[in-house]
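> Pasting in a structure now, in structure tokens, and then I'll have a few things to ask.
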Amino acid sequence: MPVSSPDRGNTPMSTPRCWAGLPSPLGATWDGKGTNFALFSENATKVELCLFDSPDAATESCRITLPEWNTNVWHGYLPDIGPGQAYGYRVHGPHDPGNGHRFNPNKILLDPYVKAIARGLRSYDSVHGSRDGTPDEQDSAATAPLAWVIDPAFSWDGERAPGIFWHDTIVYEAHVKGFTAQHPDVPADLRGTYAGMASQPAIDHLLSLGVTAVELLPVHYHLDEEFLVGKGRTNYWGYNTLGFFAPDPRYAASGPAGAVNEFKSMVRAFHAAGIEVILDVVYNHTAEGNQDGPTLSLRGIDNATYYRLADDRRQYIDFTGCGNSLNVAHPRVLQLIMDSLRYWVLDMHVDGFRFDLASALARELWEVDRLGAFFDIIQQDPVLSRVKLIAEPWDLGPNGYQVGNFPVLWTEWNGKYRDCVRRFWKGDGGTIGEFATRLSGSSDLYSRHGRRPSASLNFITAHDGFTLRDLVSYNQKHNEANGENNRDGSDSNDSWNCGAEGPTGETAIAALRGRQQRNFLATLLLSQGVPMLLAGDEFGHTQEGNNNAYCQDSPISWLDWHLSAEQKELLEFVREVVRLRKMEPVFRRRRFFQGRPIHGSAIKDIYWIKPDGEEMTDADWHVGRALCLGIGLPGDQIQETDIFGEPVVGNSYAILFNAQSETVEFRRSARRAQVSWQCILDTGTPENGARIFGPTEVFPLTPRSLAILRAVLPHSGEAYSKP
């Protein structure tokens, strides 16, 4: 068919043949003989497919008007085009911001279904779609991102997903680049890449740590915001997505052409090691920003459909703080999200997702809707209903904080767990009742509607905020390196510097900080629910007090693997506690505690213990400054069976907590006086490890410390399963 030249003349060019093709699947699909192109736009009047001779080309070699429009999809089949073809779109239609339309054929647009990025955004200079309400006439062909047609073939022979149960899961949150950028044992050319993550030194560390799933910060193709580019910085975290199907080529050692297969190889390597891969995904907004942002993809394809618009349709509704919100109430936008999720499961073989600002996805109109279409579709989807689904259960809109309100199938980042545990170990009063609830799985939040303790993803730290070492080293944020005069980042951290701000030579303060890190880590790993470790916390990584290192693609964020003796000791401590969690079923129950005798037994499944050895009473929970607590966990009262129907039975444990500044003496009650206890771990007095305390001995728990005791038979070292 005739095709106009790049200067929009009418002279026919020698171009690839174009047939009608099919409206499905969306995107560019190579079938072994040719490529079908399909683009949804409800309000466009014409769509031109622009083919580029190479990613470096300053303009397209030809434009082909897609010949068919069916179910609001523009499509065409090119039998002469195959993998390696760089392309983009020019979409024609009304430029009428007052009615929500921002079409501008001067702009090359990225396919929303792009599987591989041929060229990233080179400059913001020519990609703005309008100036003062009028269409911008600069052509963006030389600077806009370009898509690549790919061959999806890949050998998964022998690969098998680990399929780890939620209650056995330990999540490790990491950044692809930051994890290996400074790793001395990873080959230099692989550091900071998917291949680096899959390298043997990286996997060996994860295996030795005992984590079962790596949750990767966003790997979808993203942009660095214009204001960051102007400051010479980048969006290091990656929460500024433009391509929901494409792995970011910046993390590919093999370059853009190899990014897809390199990512698949990483997943295959993790699965071979028994480790699952979870992606942090951002479907709540895109990198196109507010009404003054660039026109790069969805805005120019069909702005009125893809984005939530205000009553003044020149403006965007923003539940995210990033300038726009995707219009998940529209079926085609919802399809885009679901198609992306299924692609990452079926083609890329990932094991689950963590949804950034997930409350924004639940807003069908304005209010957060727990039974919205987004959840309904996932609930019945035969692919997505079987993978791990994690919600960040808040956004910035009205009533956006929805911890505990997501439906069955979902696990949630439990922000209430984080805040309470931080306050308890900081020494704040009035926390002990909630602290006990958080330790035991947050039944107040998750026991409804058939949910289990695994609905609570427990964390002390995450990418957003202080690292664990900084949490115990700084009272205030120190974000000066971000170039925003320390105005960015949260001012509410519930942190405590233990007596000095930042680095110190005071040995007593350093020892207290080390003990506090151990207290936090042991609390996290032995709480009911699913623990999540922040990469680097296992050996005390610091960001020098920066609690918002989103723009720090630098050693501030990258893990430093040159560990001191103190850091190596902390790492071994974490490994020991992880081994204990994985060995003992009392620390990873599938059901909530009942707190009462079960099935006629006189024994409860959990005991809350005062220092005198007696059980907590209702009045004890309301003592304002109470900062010490014990938990008894009878190993023979789990009342669960394994997948083969066999009873789950383990050893009995007690965990003692002391967040006070004085030693607390714990005693055994007369009712359980026949039991001896072996100290498995003591963060305050490490030499207590393996020491057995007889039935009448007092256990002195030093200030700001935690101890784990295992019940043993009288006069023997054998494990004892009665409380």
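As shown in the structure tokens, the chain order sets the letters A, B, ...; within each chain, residues go from 1, and ligands are also counted from 1 in the order they appear.
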Which of range 232-318 of chain A end up as alpha helix (DSSP H) when DSSP is run on this backbone - answer as a ChimeraX atom specification?
/A:259-272,298-306
> Considering only C-alpha atoms, state which residue in the set A:Val73, A:Leu580, A:Ala535, A:Val664 is at the smallest distance from Thr180 in chain A.
A:Ala535
> Residues near Pro634 in chain A, anyone? I mean within 12 Å using only C-alpha atoms, not counting same-chain ones fewer than 3 positions away, as a ChimeraX atom specification.
/A:584-587,589,593,595,597,602-608,631,637-639,648-655,672,709-712,719-723
> Generate a file of the selected residues that holds N, CA and C atoms, formatted as an mmCIF file, in the first residue's frame.

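Below is the file that was written, part_9.cif:
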```cif
data_model
loop_
_atom_site.group_PDB
_atom_site.id
_atom_site.type_symbol
_atom_site.label_atom_id
_atom_site.label_comp_id
_atom_site.auth_asym_id
_atom_site.auth_seq_id
_atom_site.Cartn_x
_atom_site.Cartn_y
_atom_site.Cartn_z
ATOM 1 N N GLU A 584 11.721 -24.793 62.771
ATOM 2 C CA GLU A 584 10.685 -24.945 63.791
ATOM 3 C C GLU A 584 9.340 -24.398 63.322
ATOM 4 N N PRO A 585 8.324 -25.262 63.246
ATOM 5 C CA PRO A 585 7.016 -24.832 62.731
ATOM 6 C C PRO A 585 6.281 -23.856 63.638
ATOM 7 N N VAL A 586 6.669 -23.742 64.935
ATOM 8 C CA VAL A 586 5.951 -22.791 65.803
ATOM 9 C C VAL A 586 6.160 -21.355 65.357
ATOM 10 N N PHE A 587 7.204 -21.099 64.552
ATOM 11 C CA PHE A 587 7.484 -19.736 64.108
ATOM 12 C C PHE A 587 6.878 -19.415 62.747
ATOM 13 N N ARG A 589 3.420 -20.611 61.614
ATOM 14 C CA ARG A 589 2.116 -21.263 61.623
ATOM 15 C C ARG A 589 1.271 -20.820 60.428
ATOM 16 N N PHE A 593 -3.254 -18.134 66.178
ATOM 17 C CA PHE A 593 -3.352 -18.695 67.520
ATOM 18 C C PHE A 593 -4.787 -18.540 68.040
ATOM 19 N N GLY A 595 -5.231 -19.003 71.565
ATOM 20 C CA GLY A 595 -5.046 -18.415 72.883
ATOM 21 C C GLY A 595 -5.884 -19.051 73.965
ATOM 22 N N PRO A 597 -7.250 -23.279 75.590
ATOM 23 C CA PRO A 597 -7.101 -24.733 75.459
ATOM 24 C C PRO A 597 -7.878 -25.261 74.255
ATOM 25 N N ALA A 602 -5.550 -29.149 78.310
ATOM 26 C CA ALA A 602 -5.386 -28.057 79.271
ATOM 27 C C ALA A 602 -4.330 -27.064 78.808
ATOM 28 N N ILE A 603 -3.734 -27.348 77.666
ATOM 29 C CA ILE A 603 -2.615 -26.536 77.184
ATOM 30 C C ILE A 603 -3.094 -25.603 76.079
ATOM 31 N N LYS A 604 -2.711 -24.348 76.172
ATOM 32 C CA LYS A 604 -3.009 -23.370 75.129
ATOM 33 C C LYS A 604 -1.955 -23.454 74.027
ATOM 34 N N ASP A 605 -2.245 -22.818 72.919
ATOM 35 C CA ASP A 605 -1.258 -22.808 71.833
ATOM 36 C C ASP A 605 -0.315 -21.609 71.925
ATOM 37 N N ILE A 606 -0.567 -20.669 72.836
ATOM 38 C CA ILE A 606 0.333 -19.548 73.059
ATOM 39 C C ILE A 606 0.125 -19.016 74.471
ATOM 40 N N TYR A 607 1.215 -18.579 75.097
ATOM 41 C CA TYR A 607 1.164 -17.975 76.423
ATOM 42 C C TYR A 607 1.875 -16.633 76.381
ATOM 43 N N TRP A 608 1.277 -15.644 77.035
ATOM 44 C CA TRP A 608 1.918 -14.342 77.199
ATOM 45 C C TRP A 608 2.387 -14.253 78.637
ATOM 46 N N ILE A 631 6.855 -14.789 75.461
ATOM 47 C CA ILE A 631 5.888 -15.581 74.694
ATOM 48 C C ILE A 631 6.243 -17.048 74.844
ATOM 49 N N GLN A 637 1.177 -28.037 70.218
ATOM 50 C CA GLN A 637 -0.167 -27.469 70.157
ATOM 51 C C GLN A 637 -0.370 -26.619 68.903
ATOM 52 N N ILE A 638 0.318 -26.986 67.836
ATOM 53 C CA ILE A 638 0.188 -26.217 66.598
ATOM 54 C C ILE A 638 -1.159 -26.476 65.934
ATOM 55 N N GLN A 639 -1.695 -27.681 66.111
ATOM 56 C CA GLN A 639 -3.020 -28.022 65.604
ATOM 57 C C GLN A 639 -3.134 -27.818 64.099
ATOM 58 N N VAL A 648 1.577 -31.510 62.507
ATOM 59 C CA VAL A 648 2.776 -30.687 62.581
ATOM 60 C C VAL A 648 3.136 -30.507 64.049
ATOM 61 N N VAL A 649 4.296 -31.028 64.431
ATOM 62 C CA VAL A 649 4.744 -30.952 65.819
ATOM 63 C C VAL A 649 6.200 -30.515 65.822
ATOM 64 N N GLY A 650 6.562 -29.659 66.757
ATOM 65 C CA GLY A 650 7.940 -29.210 66.870
ATOM 66 C C GLY A 650 8.319 -28.995 68.314
ATOM 67 N N ASN A 651 9.455 -28.421 68.534
ATOM 68 C CA ASN A 651 9.895 -28.093 69.876
ATOM 69 C C ASN A 651 9.111 -26.915 70.436
ATOM 70 N N SER A 652 9.138 -26.787 71.755
ATOM 71 C CA SER A 652 8.484 -25.672 72.429
ATOM 72 C C SER A 652 9.507 -24.589 72.730
ATOM 73 N N TYR A 653 9.082 -23.342 72.578
ATOM 74 C CA TYR A 653 9.994 -22.218 72.742
ATOM 75 C C TYR A 653 9.371 -21.129 73.603
ATOM 76 N N ALA A 654 10.252 -20.338 74.179
ATOM 77 C CA ALA A 654 9.866 -19.076 74.801
ATOM 78 C C ALA A 654 10.754 -17.984 74.230
ATOM 79 N N ILE A 655 10.157 -16.846 73.932
ATOM 80 C CA ILE A 655 10.927 -15.680 73.483
ATOM 81 C C ILE A 655 10.713 -14.580 74.515
ATOM 82 N N ARG A 672 4.825 -24.867 85.599
ATOM 83 C CA ARG A 672 5.722 -25.444 84.599
ATOM 84 C C ARG A 672 7.145 -25.561 85.151
ATOM 85 N N LEU A 709 14.537 -19.248 74.115
ATOM 86 C CA LEU A 709 14.757 -20.419 74.951
ATOM 87 C C LEU A 709 13.984 -21.599 74.385
ATOM 88 N N ARG A 710 14.614 -22.779 74.430
ATOM 89 C CA ARG A 710 13.957 -24.004 73.975
ATOM 90 C C ARG A 710 13.759 -24.933 75.158
ATOM 91 N N ALA A 711 12.569 -25.488 75.289
ATOM 92 C CA ALA A 711 12.272 -26.396 76.386
ATOM 93 C C ALA A 711 13.023 -27.712 76.190
ATOM 94 N N VAL A 712 13.570 -28.256 77.296
ATOM 95 C CA VAL A 712 14.279 -29.535 77.252
ATOM 96 C C VAL A 712 13.768 -30.429 78.369
ATOM 97 N N ALA A 719 15.313 -32.380 73.194
ATOM 98 C CA ALA A 719 14.250 -31.411 72.974
ATOM 99 C C ALA A 719 12.979 -31.875 73.656
ATOM 100 N N TYR A 720 12.268 -30.953 74.246
ATOM 101 C CA TYR A 720 11.047 -31.255 74.985
ATOM 102 C C TYR A 720 9.913 -30.462 74.380
ATOM 103 N N SER A 721 8.789 -31.095 74.123
ATOM 104 C CA SER A 721 7.733 -30.433 73.378
ATOM 105 C C SER A 721 6.572 -29.966 74.238
ATOM 106 N N LYS A 722 6.689 -30.083 75.556
ATOM 107 C CA LYS A 722 5.639 -29.573 76.432
ATOM 108 C C LYS A 722 6.050 -28.226 77.005
ATOM 109 N N PRO A 723 5.084 -27.330 77.232
ATOM 110 C CA PRO A 723 5.433 -26.020 77.778
ATOM 111 C C PRO A 723 5.787 -26.099 79.253
#
```
> Just checking: using only C-alpha atoms, which residue out of A:Gly84, A:Gly158, A:Pro453, A:Gly499 ends up closest to Ala257 in chain A?
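Of A:Gly84, A:Gly158, A:Pro453, A:Gly499, the one nearest Ala257 in chain A, counting only C-alpha atoms, is A:Gly84.
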> Would you kindly return, as an MDAnalysis selection string, each protein, DNA or RNA residue with an atom no farther than 8 Å from any atom of range 517-519 of chain A, considering only C-alpha atoms and excluding same-chain residues fewer than 2 positions away?
chainID A and resid 425 468:469 472 513:515 521:523 570 573:574 683 704:706
> Which is closest to Phe592 in chain A among A:Asp351, A:Asp444, A:Asp136, A:Glu566, if we use only C-alpha atoms?
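Looking at the shortest contact to Phe592 in chain A, the residue is A:Asp444.
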> For the atom pair CA of Glu640 in chain A and CA of Arg590 in chain A, what is the interatomic distance in Å to one decimal place?
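Answer for the CA of Glu640 in chain A to CA of Arg590 in chain A separation: 7.6 Å.
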> Just the residues within 9 Å of range 486-493 of chain A, please, counting only C-alpha atoms, with nothing from its chain fewer than 2 positions along; format it as a ChimeraX atom specification.
/A:419,422,464-466,471,475-484,495-496,546-549
> Hey, what's within 9 Å of Pro218 in chain A if we count only C-alpha atoms and toss same-chain stuff fewer than 2 positions away? As a CSV table (one decimal) with C-alpha atoms, in the first residue's frame, please?

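Written file, part.csv:
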```csv
chain,number,residue,atom,x,y,z
A,175,HIS,CA,17.7,-3.7,43.6
A,176,VAL,CA,19.1,-5.4,40.5
A,216,LEU,CA,13.2,-7.0,42.8
A,220,HIS,CA,10.0,-2.5,33.9
A,221,TYR,CA,11.4,0.1,31.6
A,222,HIS,CA,11.2,3.4,33.4
A,237,TRP,CA,14.5,3.0,42.4
A,238,GLY,CA,12.6,2.9,39.1
A,239,TYR,CA,9.0,3.8,40.2
A,240,ASN,CA,8.4,5.8,36.9
A,241,THR,CA,7.3,3.1,34.5
A,248,ASP,CA,14.8,-2.2,31.6
A,279,LEU,CA,8.6,-8.2,40.8
A,280,ASP,CA,7.8,-4.8,42.3
A,281,VAL,CA,5.4,-3.4,39.7
A,282,VAL,CA,4.0,0.1,39.2
```
> Do you have the CA of Leu66 in chain A-CA of Gly21 in chain A distance handy?
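CA of Leu66 in chain A sits 9.3 Å away from CA of Gly21 in chain A.
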> Measuring atom to atom with only C-alpha atoms, identify which of A:Ala626, A:Asp56, A:Glu697, A:Thr65 is nearest to Gly430 in chain A.
A:Ala626
> When DSSP works through the backbone of this structure, what residues of range 419-511 of chain A end up as strand (DSSP E or B), shown as number ranges by chain?
A: 456-459
> By how many Å are CA of Leu681 in chain A and CA of Leu701 in chain A apart?
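These atoms are spaced 11.4 Å apart.
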> With a distance cut-off of 9 Å and only C-alpha atoms, select the neighbouring residues of Ala198 in chain A, excluding the residue or stretch itself and same-chain residues fewer than 3 positions from it, and output the selection as number ranges by chain.
A: 193-195, 201-203, 265-270
